[in-house]
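*Asks:* Just passing along the structure, written as structure tokens.
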Amino acid sequence: MSLFDKYAPLQARVDMMMKIGKDALGVQFDDIIDATRGRIGNREILLAGTNNYLGLTFDQDCMSSAKKAIDNHGTGTTGSRVANGSYSEHVDLEKALAEHLGMPSCVVFTTGYQTNLAAISGLAGDKDVIFMDADAHACIIDGTRLTGASTIRFRHNNPEDLDKRLKRQGEIEGGNALVVIEGMYSMFGDIAPIDEFLDVTHRHGGYLYIDEAHSYGVFGPTGCGIAEEQGVLDKVDFISGTFSKSLASVGGFCASRHPEFEILRKVMRPYMFTASATPSNICAALAAVEKVKQGNHLRENLKARAEQLHKGLSEMQYDLCAEASPVIAVRRPNEAVAAMEWNWLIENGVYVNLAVPPGTPQSSSLLRISLSAAHTEEDINTILKAFNDLKDKQGELMAGMASKLQAAE
């Protein structure tokens, strides 16, 4: 028996995808032209699946800051902050994020994924209990696996179900309850009722941890996220986020209203044993924080484009997973149909994400669109035309897919 035999079912799914068309999970762009355009071969592609919510990856101030950091400090840090020390820019970014969020403590990490691995595993001890939303991101799930804590899942976006489970758990002898949710969920684009979750969590004496990876920069009067949008930012215990969405870089952060959070720098293994973020990534993110704070015009355009796209797709009677937000997910009947349609869209100049189980809620097969403040009204009309044409060609495409799969047998 081969070490790789256990992946035979996955390989069968990949083989099916390749019979239909390209590998949607391994796309290679020959050039990224700007925040909304890429190139494959000689074809220009409209990018509608990048998570570049504020469109800052080509912002001149962010790029200049990154270039200057390389000139001043080189290309890499070559070790962890515990072993090699912190650069002044690491500390400056932590101070800027803490100030923006109105919290006394903030720790910066090398990736957003590592942020949740580190903070959740550092916060939850053997006697604690983690209550986790059923649709939690993989990094939240993996963070809980690094702990010795018990984990209980509650129904997605359902404060009442959390309340029942906290009551059922009762008093946690020698430990605490840590409730982990997200602000905007990355697959469906649905929004958490953070105010209600706060009420339930604190009523039971627990701590609320919110991953605002897809909502920091996008929501709230100053871009702090859903908690700020709902007027409860000052009550949240922990907020995590990433640099790879609105902050146009790579990295992550966790901030807390509890000053004691600083001690976790001495215990969080993904922080202690990973090379720290490069100067260019840190400085690009630092410049982007200022753009976020002053970015109401970006947020207003992003909201308008989301409403435009959501309305257009709804009128075409596509099955959408949530109300209008920067993430709009179109539910498809199955994985094969979704893969076929993804291929047709990219061949016709529009790139979206193909999202399939096990990385999706409810085992859904999705065409996932993430919008950017850099998208124009005309860009959204281009996306809508592509989806309208796709609908018109459905019968022809289904027949073509059946023929390809039959020929490959």
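Lettering and numbering for the structure tokens are positional, with chains as A, B, ... in the shown order, residues counted from 1 in each chain, and ligands counted from 1 in the shown order.
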Go through stretch 170-237 of chain A and flag each residue having an atom no more than 8 Å from stretch 316-331 of chain A; for those, report the closest pair of atoms plus their distance in Å to one decimal, using only C-alpha atoms, ordered by chain and rising number, as a tab-separated table.

*Replies:*
```
residue	atom	partner	partner_atom	distance
A:Ser186	CA	A:Val327	CA	7.0
A:Met187	CA	A:Ala329	CA	6.8
A:Phe188	CA	A:Ala329	CA	5.4
A:Gly189	CA	A:Val327	CA	4.6
A:Asp190	CA	A:Ala322	CA	5.4
```

*Asks:* Check which residues of stretch 158-239 of chain A sit at most 9 Å from stretch 83-105 of chain A using only C-alpha atoms, and return one row each with the closest pair of atoms and their distance in Å to one decimal, ordered by chain and rising number, as a Markdown table.

*Replies:*
```
| residue | atom | partner | partner_atom | distance |
| --- | --- | --- | --- | --- |
| A:Thr222 | CA | A:His100 | CA | 8.2 |
| A:Gly223 | CA | A:His100 | CA | 9.0 |
| A:Cys224 | CA | A:Leu101 | CA | 6.3 |
| A:Glu228 | CA | A:Leu101 | CA | 8.8 |
| A:Leu233 | CA | A:Leu101 | CA | 7.6 |
| A:Asp234 | CA | A:Gly102 | CA | 7.2 |
| A:Ile239 | CA | A:Leu101 | CA | 8.8 |
```

*Asks:* Between atom CA of A:Ala373 and atom CA of A:Leu302, what distance in Å does the model show, to one decimal?

*Replies:*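 Distance reported for this atom pair: 4.4 Å.
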
*Asks:* Per DSSP on the backbone, filter stretch 88-306 of chain A down to the residues in helix (DSSP H, G or I) and report them as a ChimeraX atom specification.

*Replies:* /A:88-101,112-123,138-145,159-169,194-203,226-229,233-235,259-266,269-272,279-293,296-306

*Asks:* Take the residues from that selection and write them out as a tab-separated table (two decimals), in the first residue's frame, keeping C-alpha atoms.

*Replies:*
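Printed below is out-v9.tsv as written:
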```tsv
chain	number	residue	atom	x	y	z
A	88	SER	CA	11.25	49.13	14.61
A	89	GLU	CA	8.63	48.73	11.87
A	90	HIS	CA	7.15	45.64	13.57
A	91	VAL	CA	6.59	47.70	16.70
A	92	ASP	CA	5.30	50.71	14.74
A	93	LEU	CA	2.71	48.57	12.97
A	94	GLU	CA	1.54	47.00	16.23
A	95	LYS	CA	1.13	50.46	17.74
A	96	ALA	CA	-0.75	51.74	14.68
A	97	LEU	CA	-3.18	48.79	14.68
A	98	ALA	CA	-3.71	48.96	18.45
A	99	GLU	CA	-4.44	52.68	18.21
A	100	HIS	CA	-6.81	52.20	15.28
A	101	LEU	CA	-8.74	49.48	17.11
A	112	GLY	CA	-3.09	35.60	8.86
A	113	TYR	CA	-3.35	31.81	9.12
A	114	GLN	CA	-0.62	31.72	11.75
A	115	THR	CA	-2.39	34.49	13.65
A	116	ASN	CA	-5.32	32.26	14.56
A	117	LEU	CA	-3.12	29.21	15.10
A	118	ALA	CA	-1.01	31.20	17.56
A	119	ALA	CA	-3.60	33.27	19.40
A	120	ILE	CA	-6.25	30.57	19.86
A	121	SER	CA	-3.74	27.92	20.94
A	122	GLY	CA	-2.08	30.43	23.25
A	123	LEU	CA	-5.29	31.63	24.87
A	138	ALA	CA	-9.70	26.23	8.61
A	139	CYS	CA	-7.16	28.28	10.58
A	140	ILE	CA	-9.61	28.58	13.48
A	141	ILE	CA	-10.25	24.84	13.43
A	142	ASP	CA	-6.52	24.13	13.28
A	143	GLY	CA	-5.88	26.59	16.12
A	144	THR	CA	-8.26	24.65	18.36
A	145	ARG	CA	-6.46	21.41	17.46
A	159	PRO	CA	-26.44	33.31	19.28
A	160	GLU	CA	-29.43	31.38	20.67
A	161	ASP	CA	-27.73	28.05	20.01
A	162	LEU	CA	-24.52	29.35	21.61
A	163	ASP	CA	-26.56	30.40	24.64
A	164	LYS	CA	-28.03	26.88	24.96
A	165	ARG	CA	-24.61	25.25	24.72
A	166	LEU	CA	-23.04	27.59	27.25
A	167	LYS	CA	-25.90	26.86	29.65
A	168	ARG	CA	-25.52	23.13	29.07
A	169	GLN	CA	-21.79	23.36	29.73
A	194	ILE	CA	-21.60	40.40	16.88
A	195	ASP	CA	-23.65	42.52	19.26
A	196	GLU	CA	-25.84	39.52	20.09
A	197	PHE	CA	-22.86	37.18	20.43
A	198	LEU	CA	-21.23	39.64	22.83
A	199	ASP	CA	-24.32	39.73	25.02
A	200	VAL	CA	-24.54	35.93	25.22
A	201	THR	CA	-20.80	35.39	25.73
A	202	HIS	CA	-20.29	37.99	28.45
A	203	ARG	CA	-23.52	37.02	30.24
A	226	ILE	CA	-18.15	44.50	11.76
A	227	ALA	CA	-17.68	45.10	15.49
A	228	GLU	CA	-17.20	48.81	14.79
A	229	GLU	CA	-20.09	48.80	12.31
A	233	LEU	CA	-15.80	47.39	19.17
A	234	ASP	CA	-14.84	48.48	22.69
A	235	LYS	CA	-16.49	45.40	24.22
A	259	PRO	CA	-3.25	44.28	28.40
A	260	GLU	CA	-2.36	40.83	29.76
A	261	PHE	CA	-2.46	39.53	26.17
A	262	GLU	CA	1.17	40.66	25.84
A	263	ILE	CA	2.38	37.67	27.90
A	264	LEU	CA	1.33	35.37	25.05
A	265	ARG	CA	4.38	36.48	23.07
A	266	LYS	CA	6.29	34.07	25.33
A	269	ARG	CA	4.59	28.72	19.17
A	270	PRO	CA	3.62	29.97	15.66
A	271	TYR	CA	4.90	33.39	16.78
A	272	MET	CA	8.02	32.22	18.59
A	279	PRO	CA	10.32	44.71	6.19
A	280	SER	CA	8.54	45.25	2.86
A	281	ASN	CA	5.41	43.40	3.99
A	282	ILE	CA	5.31	45.25	7.31
A	283	CYS	CA	5.79	48.68	5.74
A	284	ALA	CA	3.23	48.07	2.99
A	285	ALA	CA	0.71	47.11	5.68
A	286	LEU	CA	1.63	50.13	7.81
A	287	ALA	CA	0.95	52.46	4.88
A	288	ALA	CA	-2.31	50.62	4.18
A	289	VAL	CA	-3.56	51.14	7.76
A	290	GLU	CA	-3.57	54.88	7.10
A	291	LYS	CA	-5.47	54.29	3.85
A	292	VAL	CA	-8.04	52.22	5.76
A	293	LYS	CA	-8.63	54.95	8.33
A	296	ASN	CA	-14.64	55.98	3.40
A	297	HIS	CA	-14.68	56.72	-0.33
A	298	LEU	CA	-13.24	53.24	-0.99
A	299	ARG	CA	-15.77	51.57	1.30
A	300	GLU	CA	-18.65	53.49	-0.31
A	301	ASN	CA	-17.65	52.39	-3.82
A	302	LEU	CA	-17.16	48.80	-2.66
A	303	LYS	CA	-20.64	48.78	-1.11
A	304	ALA	CA	-22.19	50.26	-4.25
A	305	ARG	CA	-20.52	47.70	-6.51
A	306	ALA	CA	-21.61	44.84	-4.21
```

*Asks:* Given only C-alpha atoms as the basis, pick out the residue of A:Ala374, A:Gln294, A:Ala248, A:Gly21 nearest to A:Gly220.

*Replies:*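 Answer, going by the shortest atom-to-atom distance: A:Gln294.
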
*Asks:* Taking only C-alpha atoms into account, name the residue in A:Leu56, A:Ala336, A:Ile32, A:Ala192 that is nearest to A:Leu405.

*Replies:* A:Ala336

*Asks:* Report as a VMD selection string all protein, DNA and RNA residues lying within 8 Å of A:Phe243, evaluated on only C-alpha atoms, omitting residues in the same chain fewer than 6 positions from it.

*Replies:* chain A and resid 111 to 112 249 to 253 285

*Asks:* Please compute the atom CA of A:Met63-atom CA of A:Gly76 distance, one decimal, in Å.

*Replies:*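 Computing it gives 16.7 Å between the two atoms.
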
*Asks:* Please report, as a VMD selection string, each residue of stretch 16-241 of chain A to which DSSP assigns strand (DSSP E or B) when run on this structure's backbone.

*Replies:* chain A and resid 31 to 34 37 to 40 43 to 47 49 105 to 109 129 to 133 150 to 154 177 to 182 184 191 207 to 211 238 to 241

*Asks:* Would you output that residue set with C-alpha atoms, as a PDB file, in the first residue's frame?

*Replies:*
```pdb
ATOM      1  CA  ASP A  31       0.985  39.010 -15.339  1.00  0.00           C
ATOM      2  CA  ILE A  32      -0.988  40.962 -12.773  1.00  0.00           C
ATOM      3  CA  ILE A  33      -1.577  44.324 -14.447  1.00  0.00           C
ATOM      4  CA  ASP A  34      -3.371  46.139 -11.628  1.00  0.00           C
ATOM      5  CA  ARG A  37      -6.774  43.055 -14.294  1.00  0.00           C
ATOM      6  CA  GLY A  38      -4.502  40.094 -14.985  1.00  0.00           C
ATOM      7  CA  ARG A  39      -3.161  38.368 -18.070  1.00  0.00           C
ATOM      8  CA  ILE A  40      -3.126  34.713 -19.101  1.00  0.00           C
ATOM      9  CA  ARG A  43      -5.792  37.443 -22.911  1.00  0.00           C
ATOM     10  CA  GLU A  44      -6.630  40.142 -20.373  1.00  0.00           C
ATOM     11  CA  ILE A  45      -8.745  38.831 -17.489  1.00  0.00           C
ATOM     12  CA  LEU A  46     -11.072  40.805 -15.215  1.00  0.00           C
ATOM     13  CA  LEU A  47     -10.155  39.756 -11.664  1.00  0.00           C
ATOM     14  CA  GLY A  49     -11.804  36.648  -6.993  1.00  0.00           C
ATOM     15  CA  SER A 105      -2.270  45.265  23.011  1.00  0.00           C
ATOM     16  CA  CYS A 106      -1.599  44.062  19.462  1.00  0.00           C
ATOM     17  CA  VAL A 107       0.737  41.342  18.173  1.00  0.00           C
ATOM     18  CA  VAL A 108       1.761  41.049  14.526  1.00  0.00           C
ATOM     19  CA  PHE A 109       2.311  37.651  12.881  1.00  0.00           C
ATOM     20  CA  VAL A 129     -13.612  25.221  26.574  1.00  0.00           C
ATOM     21  CA  ILE A 130     -13.695  26.694  23.055  1.00  0.00           C
ATOM     22  CA  PHE A 131     -17.105  27.395  21.528  1.00  0.00           C
ATOM     23  CA  MET A 132     -16.667  27.698  17.766  1.00  0.00           C
ATOM     24  CA  ASP A 133     -19.040  28.691  14.965  1.00  0.00           C
ATOM     25  CA  SER A 150     -12.406  20.886  24.689  1.00  0.00           C
ATOM     26  CA  THR A 151     -14.144  22.237  21.579  1.00  0.00           C
ATOM     27  CA  ILE A 152     -17.900  22.632  21.105  1.00  0.00           C
ATOM     28  CA  ARG A 153     -19.438  23.794  17.829  1.00  0.00           C
ATOM     29  CA  PHE A 154     -22.618  25.848  17.717  1.00  0.00           C
ATOM     30  CA  ALA A 177     -15.136  29.802  27.830  1.00  0.00           C
ATOM     31  CA  LEU A 178     -13.569  31.226  24.656  1.00  0.00           C
ATOM     32  CA  VAL A 179     -16.140  31.915  21.916  1.00  0.00           C
ATOM     33  CA  VAL A 180     -14.702  32.201  18.392  1.00  0.00           C
ATOM     34  CA  ILE A 181     -16.631  33.684  15.468  1.00  0.00           C
ATOM     35  CA  GLU A 182     -15.893  35.640  12.286  1.00  0.00           C
ATOM     36  CA  MET A 184     -17.816  38.405   7.564  1.00  0.00           C
ATOM     37  CA  ILE A 191     -22.335  38.840   8.459  1.00  0.00           C
ATOM     38  CA  TYR A 207     -14.439  35.853  26.203  1.00  0.00           C
ATOM     39  CA  LEU A 208     -15.326  36.718  22.593  1.00  0.00           C
ATOM     40  CA  TYR A 209     -12.700  36.273  19.851  1.00  0.00           C
ATOM     41  CA  ILE A 210     -13.580  37.624  16.389  1.00  0.00           C
ATOM     42  CA  ASP A 211     -11.702  36.932  13.174  1.00  0.00           C
ATOM     43  CA  PHE A 238      -9.910  39.746  20.917  1.00  0.00           C
ATOM     44  CA  ILE A 239      -9.873  40.717  17.238  1.00  0.00           C
ATOM     45  CA  SER A 240      -7.711  38.982  14.663  1.00  0.00           C
ATOM     46  CA  GLY A 241      -7.106  40.032  11.084  1.00  0.00           C
TER      47      GLY A 241
END
```

*Asks:* Kindly indicate which residue among A:Asn334, A:Thr110, A:Leu371, A:Val236 lies nearest to A:Thr77, using only C-alpha atoms for the distances.

*Replies:*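 Comparing A:Asn334, A:Thr110, A:Leu371, A:Val236 against A:Thr77, the winner is A:Thr110.
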
*Asks:* So, with only C-alpha atoms as the atoms that count, which of A:Ala355, A:Leu345, A:Ala339, A:Val267 lies closest to A:Met18?

*Replies:*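 Of A:Ala355, A:Leu345, A:Ala339, A:Val267, the one nearest A:Met18, counting only C-alpha atoms, is A:Ala339.
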